[in-house]
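Enquirer: Okay, handing you the structure first.
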Amino acid sequence: MVTQRLLSWFSVDVGIDLGTCNTLVCVRGEGIVLNEPSVVAVRKGTNKVLNNGAAVGHAAKEMLGKTPGSIQAIRPLKDGVITDFEIAEQMLKYFIQKVMGRARLFGPRVVIAVPGGSTAVEKRAVLDSAERAGARKVFLLEEPMAAAIGAGLPVDEPTASMIVDIGGGTTDIAIISLGDIAKASTLRVAGDAFDRAIIEYVEQQRGLTIGEQTAESIKTRIGSAWPLEEELAMNVRGRDVETGLPKRIEVNSIEIRKALEQPLDRIAKEVIKTLREADPELAGDLVNPDLSNNGITLAGGGALLRGIDTFLADRTTLTVKVAPDPLECVAKGTEVYLENLEQYKATLESADGEF
């Protein structure tokens, strides 16, 4: 204990929401200090990060889909899972060093949120990558629990709280009571699946090939899960499927809503499945009008899709609300754990179980 106290004087405690699309980092006592895309630009064939190791995050995302043959912009996570270990390690190292600065003598203790359905192999990959990136100790926390805490749900009380965290690679669904997850499910359908659905629709129905960043822009600017009072439209640029030449077209929110039907339907069905498998007493709490946390709370970037709360309310017949600052819920949840590491250690996973 004395050793840990001494180490804390020369180090920091860091919480990381290691997302498929974005990585958020918080520092104990300071809140969220970093929010950058989970992208790294490297020299092709070498895995050497460009700009002396600084082509990470915002700088690298600008290169997606626009790099010459000698440069490659890589997203080291896919569907919430590390797919490129070396690049993930370099990305984590860059982010950790950026928030710590160079004045600290020891690496930080790090709490990292991982998708609820992660396998032992996937968790081991996160632990190893973070340790090699310079962390002194690494603890893993399930994303739905972190999201629920970050959303302000009363997870420690003997009543049910339901969280649906729609991230970039995964949708985590959980019913939580008495400080633990009572029923959960993880679906590898989320924001990235929305983007892919838009890309496929625009190519097949409108004859235009577009990239990931354009699809994300369409989703953000005019995407919706429910009819809008005033439908939206925007101009989109890409490559004509038939001629191969640059082309510009206009797409509207009605079209994009149609494009998103399949991934949204899969999320709704998984939410309903989780509800059906929940214990009756917990299910009853979710429709109790006397409980402020009844119904479903949405977190993650996918919660910002227009009308998704109305869509899920229609499909489940429950009250559905979007959490305040849904993009930051998981990161905020890791910060709460940092403030209470001793209290919550039984719910965290680490390499050796020690603090």
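Chain identifiers are assigned as A, B, and so on, following the order in which chains appear in the structure tokens; residues are numbered from 1 within each chain, and ligands are numbered from 1 in order of appearance.
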Can you tell me, as a list in words, what residues are no more than 8 Å from Asp285 in chain A when counting only C-alpha atoms, ignoring any on the same chain fewer than 3 positions away?
Expert: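 The contact residues come out as Thr159, Ala160, Glu281, Leu282, Asn288, Leu291 and Asn294 of chain A.
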Enquirer: Excluding range 236-241 of chain A and its own-chain neighbours fewer than 5 positions away, which residues fall within 9 Å of it when counting only C-alpha atoms? Please give them as an MDAnalysis selection string.
Expert: chainID A and resid 203:204 206:211 214 218 246:251
Enquirer: Can you tell me which residues surround Lys137 in chain A at a distance of at most 7 Å, considering only C-alpha atoms, apart from same-chain residues fewer than 6 positions away, and format the answer as a PyMOL selection string?
Expert: chain A and resi 108-110
Enquirer: Using only C-alpha atoms, can you tell me which of A:Ala299, A:Ile74, A:Ala60, A:Leu275 comes closest to Gly333 in chain A?
Expert: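 Ranked by minimum distance to Gly333 in chain A, first place goes to A:Ala299.
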Enquirer: As an exercise, work out the distance from CA of Leu140 in chain A to CA of Cys26 in chain A in Å and give it to one decimal place.
Expert: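 Pair CA of Leu140 in chain A / CA of Cys26 in chain A returns 14.8 Å.
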Enquirer: Going by DSSP on the backbone, which bits of range 57-101 of chain A are strand (DSSP E or B)? Write them as a list in words, please.
Expert: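 Taking range 57-101 of chain A and keeping strand (DSSP E or B) only, one gets Ile71, Gln72, Ala73, Ile74, Leu77, Lys78, Val81 and Ile82 of chain A.
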Enquirer: Would you list, as JSON, numbers by chain, the residues of range 186-284 of chain A that end up in helix (DSSP H, G or I) under DSSP run on this structure's backbone?
Expert: {"A": [191, 192, 193, 194, 195, 196, 197, 198, 199, 200, 201, 202, 203, 204, 205, 206, 212, 213, 214, 215, 216, 217, 218, 219, 220, 221, 222, 253, 254, 255, 256, 257, 258, 259, 261, 262, 263, 264, 265, 266, 267, 268, 269, 270, 271, 272, 273, 274, 275, 276, 277, 280, 281, 282, 283, 284]}
